Amino acid sequence: MTVGTDRPTHTTHTPRNTAADGDPLDVRPAGIDPDDLPDGLVVADATGHVVCFNAAAARITALPADQALGRALDQVLPLEDLKGRRWWALTDPYGGLATRTGQPERNLLLPGGREVLVSARYVREHPTGPVRRVVVSLRGTEARRRNERSHAELIATVAHELRSPLTSVKGFTATLLAKWERFTDDQKRLMLETVDADANRVTRLIAELLDISRIDSGRLEVRRQPVDIAAAVGRHIQAHTTGGQSPDRFFVRVRPGLPDLWADPDKIDQILGNLLENAVRHGEGTVTIDVAPAHVSSAGRTEKGTAVTVSDEGPGIPEESMGRVFTRFWRGSKRGGTGLGLYIVKGIVEAHGGTITVGRGPGGGAEFRFILPVGAPAYLQQP
C-alpha cells in the first residue's frame with residue numbers, strides 16, 4: 001500500500017501544529033517546540049499527509065520543511081529497507097492489523113543510500129480504531145557508527161596484543177618439544193619462564209576484556225569485604241621493588257583517622273596496580289602515594305570515605321588530553337599497554353560508588369586521585 005495515494009492531495013500547507021481536521025496537534029508538550037527536539041520528528045495526519053516536520057528532520061533528510069508539509073508521508077520519506085524494498089508499502093500503517101501500535105527502531109535508507117534510524121508510532125482514537133496519526137522519529141547513524149568503530153578498534157587491539165605472546169608461546173613450546181635434548185637446563189628454564197610470562201600477559205588481557213564487558217553492560221559485581229588499603233599499597237610497592245625498582249622511588253604517606261573501608265579487595269588491587277604501573281612506566285622521579293580520610297557526597301548526603309592519591313614527577317598529561325584519559329585506548333606515551341587500564345579503573349571506582357580525577361601533581365607529573373565511600377553493610381551503619 002502506498003501511503004496517501006487514495007486520499008485527496010493537499011494543495012496548501014496544513015499548519016505545523018494543527019491536524020487536517022482542525023484538531024490541535026499535540027506536538028508541544030510542556031511548551032516544547034518540535035524544533036527543539038534533538039531527533040527528527042515527522043507527523044502525518046489521518047489522511048497520510050505530513051503536518052509536522054521539525055528542524056532535525058529537515059537536517060537529516062536534507063529536505064526543507066516547507067517542501068515536506070502537506071505532502072504524502074511516503075513521498076516525504078521514501079524509505080527503503082536494506083534489501084531495497086519500499087518501507088511504507090511493507091508496513092502499511094493505515095491498513096493491516098488494527099492492533100498494531102507502531103514500528104520498532106531499525107536501519108532504513110533514504111534516497112542516495114543514506115542510512116537513518118527510524119521508529120514509528122500509530123496513534124488511534126481507541127485500541128483497534130483507525131489510525132488518526134503516524135508519528136515518525138528519525139535519528140542519524142553517527143553515534144551507532146562511532147560505537148561500531150569503537151568495537152572494531154577493540155577487536156583490532158585485542159588481536160594485536162594477543163598475537164605477540166601467543167606467537168612466543170607457540171614458538172618456544174614447539175622448539176622445546178622438537179629439540180628438548182639439545183638444550184641445557186638453564187636454556188629450558190629461560191624459555192619456560194618466557195612462556196609463563198607471555199601466558200600471564202594473555203590472561204591479563206582476557207581479564208581486561210571481561211571487565212570492559214561487565215562495565216559496559218552494568219554487570220560489574222563488587223564483593224565488599226573489610227580492606228586495609230594502606231597494607232594493599234605496601235604490597236604493590238614491594239612487588240615493584242622486588243621487580244627491580246629502587247625503594248627510594250616510592251614515598252607513602254598514610255594520614256591518621258582512616259575509616260574502615262568495605263570494598264572488593266581484588267578490584268582495589270586492580271586500581272592500585274594500574275595507577276602505580278602507570279606512574280612507574282610513564283612517569284619519572286618519585287612516585288608519591290597519599291592515603292587520607294575524606295568525605296563523599298552521594299544522593300544528597302555526605303559520608304566518610306578514603307582518598308588515595310598517586311602522583312609522579314614526570315612530564316605529566318597535556319591539558320588538552322585531560323578529558324580523554326579515562327576513555328578506551330587512551331595512551332599517555334608510546335611505552336606499550338593496551339590503553340584500557342584507566343578506563344577499567346574508572347569503571348571499578350564508580351562501581352564502588354566513588355569518583356576518580358586526574359590533574360597535575362605538586363612535582364609537575366600526573367596525579368590520579370580516587371575517593372571511595374566506606375561502603376559498610378547496612379547492619380553495621382549507625383542509625
# chains A, B, ... in the order shown; residues from 1 in each chain; ligands from 1

call {"tool": "select_by_dssp", "arguments": {"residues": "region 1-235 of chain A", "states": "alpha helix (DSSP H)", "output": "ChimeraX atom specification"}}
result
/A:55-61,65-68,73-76,87-91,142-179,185-217,229-235

call {"tool": "write_last_selection", "arguments": {"atoms": "C-alpha atoms", "output": "mmCIF file, in the first residue's frame"}}
result
data_model
loop_
_atom_site.group_PDB
_atom_site.id
_atom_site.type_symbol
_atom_site.label_atom_id
_atom_site.label_comp_id
_atom_site.auth_asym_id
_atom_site.auth_seq_id
_atom_site.Cartn_x
_atom_site.Cartn_y
_atom_site.Cartn_z
ATOM 1 C CA ALA A 55 14.274 21.163 12.002
ATOM 2 C CA ALA A 56 16.115 17.939 12.866
ATOM 3 C CA ALA A 57 14.036 16.037 10.298
ATOM 4 C CA ALA A 58 14.909 18.664 7.688
ATOM 5 C CA ARG A 59 18.602 18.318 8.547
ATOM 6 C CA ILE A 60 18.595 14.503 8.452
ATOM 7 C CA THR A 61 16.613 14.214 5.204
ATOM 8 C CA ALA A 65 10.187 21.794 5.944
ATOM 9 C CA ASP A 66 8.129 23.881 3.523
ATOM 10 C CA GLN A 67 8.626 21.212 0.860
ATOM 11 C CA ALA A 68 7.518 18.442 3.234
ATOM 12 C CA LEU A 73 4.262 10.644 4.007
ATOM 13 C CA ASP A 74 5.759 8.115 1.592
ATOM 14 C CA GLN A 75 6.793 10.934 -0.741
ATOM 15 C CA VAL A 76 8.429 12.942 2.013
ATOM 16 C CA TRP A 87 9.217 0.548 3.542
ATOM 17 C CA TRP A 88 5.758 2.120 3.627
ATOM 18 C CA ALA A 89 4.405 -0.462 1.201
ATOM 19 C CA LEU A 90 5.656 -3.190 3.533
ATOM 20 C CA THR A 91 4.425 -1.690 6.794
ATOM 21 C CA GLU A 142 26.643 8.698 13.535
ATOM 22 C CA ALA A 143 26.522 7.583 17.186
ATOM 23 C CA ARG A 144 25.978 3.964 16.192
ATOM 24 C CA ARG A 145 28.820 4.184 13.686
ATOM 25 C CA ARG A 146 31.133 5.542 16.395
ATOM 26 C CA ASN A 147 30.137 2.658 18.635
ATOM 27 C CA GLU A 148 30.790 0.173 15.849
ATOM 28 C CA ARG A 149 34.189 1.758 15.174
ATOM 29 C CA SER A 150 34.986 1.514 18.876
ATOM 30 C CA HIS A 151 34.123 -2.189 18.856
ATOM 31 C CA ALA A 152 36.183 -2.719 15.707
ATOM 32 C CA GLU A 153 39.118 -0.909 17.312
ATOM 33 C CA LEU A 154 38.752 -3.072 20.410
ATOM 34 C CA ILE A 155 38.850 -6.232 18.290
ATOM 35 C CA ALA A 156 41.905 -4.957 16.377
ATOM 36 C CA THR A 157 43.683 -4.052 19.636
ATOM 37 C CA VAL A 158 42.940 -7.441 21.151
ATOM 38 C CA ALA A 159 44.127 -9.259 18.039
ATOM 39 C CA HIS A 160 47.351 -7.242 18.025
ATOM 40 C CA GLU A 161 48.003 -7.731 21.741
ATOM 41 C CA LEU A 162 47.294 -11.470 21.597
ATOM 42 C CA ARG A 163 49.362 -12.170 18.516
ATOM 43 C CA SER A 164 52.762 -11.409 20.055
ATOM 44 C CA PRO A 165 52.554 -13.507 23.257
ATOM 45 C CA LEU A 166 50.770 -16.392 21.530
ATOM 46 C CA THR A 167 53.415 -16.439 18.799
ATOM 47 C CA SER A 168 56.075 -16.563 21.506
ATOM 48 C CA VAL A 169 54.313 -19.340 23.415
ATOM 49 C CA LYS A 170 53.808 -21.379 20.255
ATOM 50 C CA GLY A 171 57.403 -20.870 19.106
ATOM 51 C CA PHE A 172 59.070 -21.790 22.388
ATOM 52 C CA THR A 173 56.855 -24.820 23.098
ATOM 53 C CA ALA A 174 57.331 -26.156 19.548
ATOM 54 C CA THR A 175 61.104 -25.698 19.863
ATOM 55 C CA LEU A 176 61.236 -27.407 23.248
ATOM 56 C CA LEU A 177 59.152 -30.355 22.042
ATOM 57 C CA ALA A 178 61.252 -30.824 18.920
ATOM 58 C CA LYS A 179 64.724 -30.274 20.410
ATOM 59 C CA ASP A 185 68.646 -26.828 31.911
ATOM 60 C CA ASP A 186 69.299 -23.080 32.066
ATOM 61 C CA GLN A 187 68.138 -22.637 28.477
ATOM 62 C CA LYS A 188 64.993 -24.658 29.146
ATOM 63 C CA ARG A 189 64.265 -22.617 32.255
ATOM 64 C CA LEU A 190 64.666 -19.336 30.338
ATOM 65 C CA MET A 191 62.281 -20.443 27.603
ATOM 66 C CA LEU A 192 59.724 -21.765 30.073
ATOM 67 C CA GLU A 193 59.892 -18.532 32.074
ATOM 68 C CA THR A 194 59.233 -16.597 28.857
ATOM 69 C CA VAL A 195 56.266 -18.843 28.049
ATOM 70 C CA ASP A 196 54.932 -18.330 31.573
ATOM 71 C CA ALA A 197 55.272 -14.541 31.326
ATOM 72 C CA ASP A 198 53.541 -14.451 27.945
ATOM 73 C CA ALA A 199 50.741 -16.701 29.222
ATOM 74 C CA ASN A 200 50.255 -14.269 32.130
ATOM 75 C CA ARG A 201 50.063 -11.417 29.621
ATOM 76 C CA VAL A 202 47.309 -13.203 27.700
ATOM 77 C CA THR A 203 45.467 -13.933 30.938
ATOM 78 C CA ARG A 204 45.610 -10.251 31.947
ATOM 79 C CA LEU A 205 44.295 -9.143 28.565
ATOM 80 C CA ILE A 206 41.367 -11.562 28.731
ATOM 81 C CA ALA A 207 40.597 -10.327 32.259
ATOM 82 C CA GLU A 208 40.609 -6.739 30.946
ATOM 83 C CA LEU A 209 38.179 -7.660 28.172
ATOM 84 C CA LEU A 210 35.832 -9.321 30.646
ATOM 85 C CA ASP A 211 35.979 -6.246 32.877
ATOM 86 C CA ILE A 212 35.179 -3.957 29.940
ATOM 87 C CA SER A 213 32.209 -6.141 29.006
ATOM 88 C CA ARG A 214 30.876 -6.031 32.568
ATOM 89 C CA ILE A 215 31.437 -2.280 32.897
ATOM 90 C CA ASP A 216 29.704 -1.507 29.595
ATOM 91 C CA SER A 217 26.722 -3.707 30.473
ATOM 92 C CA ILE A 229 44.110 -0.081 51.807
ATOM 93 C CA ALA A 230 47.396 1.084 53.358
ATOM 94 C CA ALA A 231 48.565 -2.532 53.530
ATOM 95 C CA ALA A 232 47.427 -3.058 49.930
ATOM 96 C CA VAL A 233 49.558 -0.091 48.839
ATOM 97 C CA GLY A 234 52.535 -1.602 50.685
ATOM 98 C CA ARG A 235 52.137 -4.929 48.869
#

call {"tool": "residues_around", "arguments": {"residues": "Glu277 (chain A)", "least_positions_apart": "3", "cutoff": "12 Å", "atoms": "only C-alpha atoms", "output": "list in words"}}
result
His236, Ile237, Ala239, His240, Gly243, Gln245, Asp269, Gln270, Ile271, Leu272, Gly273, Asn274, Val280, Arg281, His282, Gly283, Glu284, Val287, Val310, Ser311, Asp312, Arg335, Gly336, Gly337, Gly341 and Leu342 of chain A

call {"tool": "residues_around", "arguments": {"residues": "Ile356 (chain A)", "least_positions_apart": "5", "cutoff": "9 Å", "atoms": "only C-alpha atoms", "output": "short mmCIF file (atom, residue, chain, number, x, y, z; two decimals) with N, CA and C atoms, in the first residue's frame"}}
result
data_model
loop_
_atom_site.label_atom_id
_atom_site.label_comp_id
_atom_site.auth_asym_id
_atom_site.auth_seq_id
_atom_site.Cartn_x
_atom_site.Cartn_y
_atom_site.Cartn_z
N VAL A 345 39.84 1.19 35.48
CA VAL A 345 39.97 1.78 36.81
C VAL A 345 38.75 2.67 37.11
N LYS A 346 38.40 3.52 36.18
CA LYS A 346 37.25 4.41 36.38
C LYS A 346 35.97 3.61 36.60
N VAL A 349 36.06 2.07 40.16
CA VAL A 349 35.83 3.09 41.20
C VAL A 349 34.35 3.48 41.25
N GLU A 350 33.76 3.70 40.08
CA GLU A 350 32.35 4.11 40.05
C GLU A 350 31.43 2.98 40.49
N PHE A 368 46.65 11.16 39.97
CA PHE A 368 45.35 10.50 39.98
C PHE A 368 44.86 10.41 41.42
N ARG A 369 43.61 10.76 41.62
CA ARG A 369 43.04 10.72 42.98
C ARG A 369 41.67 10.06 42.91
N PHE A 370 41.53 8.97 43.66
CA PHE A 370 40.21 8.34 43.73
C PHE A 370 39.73 8.31 45.18
N ILE A 371 38.44 8.47 45.34
CA ILE A 371 37.80 8.51 46.65
C ILE A 371 36.73 7.42 46.69
N LEU A 372 36.81 6.58 47.70
CA LEU A 372 35.83 5.51 47.88
C LEU A 372 35.05 5.74 49.17
#

call {"tool": "closest_residue", "arguments": {"among": "A:Trp262, A:Thr288, A:Asp36, A:Val123", "to": "Gly102 (chain A)", "atoms": "only C-alpha atoms"}}
result
A:Val123

call {"tool": "select_by_dssp", "arguments": {"residues": "region 99-203 of chain A", "states": "strand (DSSP E)", "output": "ChimeraX atom specification"}}
result
/A:102-110,114-124,131-139

call {"tool": "write_last_selection", "arguments": {"atoms": "C-alpha atoms", "output": "PDB file, in the first residue's frame"}}
result
ATOM      1  CA  GLY A 102       3.922   1.159  15.658  1.00  0.00           C
ATOM      2  CA  GLN A 103       7.256   0.003  14.324  1.00  0.00           C
ATOM      3  CA  PRO A 104      10.424  -0.540  16.406  1.00  0.00           C
ATOM      4  CA  GLU A 105      13.601   1.313  15.501  1.00  0.00           C
ATOM      5  CA  ARG A 106      15.550  -0.062  12.594  1.00  0.00           C
ATOM      6  CA  ASN A 107      18.043   0.981   9.909  1.00  0.00           C
ATOM      7  CA  LEU A 108      16.447   2.235   6.709  1.00  0.00           C
ATOM      8  CA  LEU A 109      17.748   4.027   3.629  1.00  0.00           C
ATOM      9  CA  LEU A 110      16.867   7.445   2.271  1.00  0.00           C
ATOM     10  CA  ARG A 114      21.921   7.480   3.380  1.00  0.00           C
ATOM     11  CA  GLU A 115      21.196   5.374   6.459  1.00  0.00           C
ATOM     12  CA  VAL A 116      18.801   6.615   9.091  1.00  0.00           C
ATOM     13  CA  LEU A 117      17.320   5.078  12.231  1.00  0.00           C
ATOM     14  CA  VAL A 118      13.531   5.109  12.024  1.00  0.00           C
ATOM     15  CA  SER A 119      10.804   4.242  14.512  1.00  0.00           C
ATOM     16  CA  ALA A 120       7.077   4.915  14.210  1.00  0.00           C
ATOM     17  CA  ARG A 121       4.073   5.185  16.482  1.00  0.00           C
ATOM     18  CA  TYR A 122       0.491   4.660  15.282  1.00  0.00           C
ATOM     19  CA  VAL A 123      -1.951   6.859  17.219  1.00  0.00           C
ATOM     20  CA  ARG A 124      -5.525   5.586  17.332  1.00  0.00           C
ATOM     21  CA  VAL A 131      -5.028   5.360  12.628  1.00  0.00           C
ATOM     22  CA  ARG A 132      -5.507   9.032  13.372  1.00  0.00           C
ATOM     23  CA  ARG A 133      -1.855   9.980  13.282  1.00  0.00           C
ATOM     24  CA  VAL A 134       1.506   8.423  12.419  1.00  0.00           C
ATOM     25  CA  VAL A 135       4.416   9.802  14.434  1.00  0.00           C
ATOM     26  CA  VAL A 136       7.853   9.027  12.991  1.00  0.00           C
ATOM     27  CA  SER A 137      11.162   9.517  14.791  1.00  0.00           C
ATOM     28  CA  LEU A 138      14.365   9.898  12.767  1.00  0.00           C
ATOM     29  CA  ARG A 139      17.915   9.678  14.048  1.00  0.00           C
TER      30      ARG A 139
END

call {"tool": "atom_distance", "arguments": {"atom1": "CA of Thr306 (chain A)", "atom2": "CA of Pro293 (chain A)"}}
result
4.7 Å

call {"tool": "atom_distance", "arguments": {"atom1": "CA of Ser321 (chain A)", "atom2": "CA of Gly353 (chain A)"}}
result
25.0 Å

call {"tool": "closest_residue", "arguments": {"among": "A:Val291, A:Met322, A:Val50, A:Val222", "to": "Asp264 (chain A)", "atoms": "only C-alpha atoms"}}
result
A:Val222

call {"tool": "atom_distance", "arguments": {"atom1": "CA of Val252 (chain A)", "atom2": "CA of Pro377 (chain A)"}}
result
29.1 Å
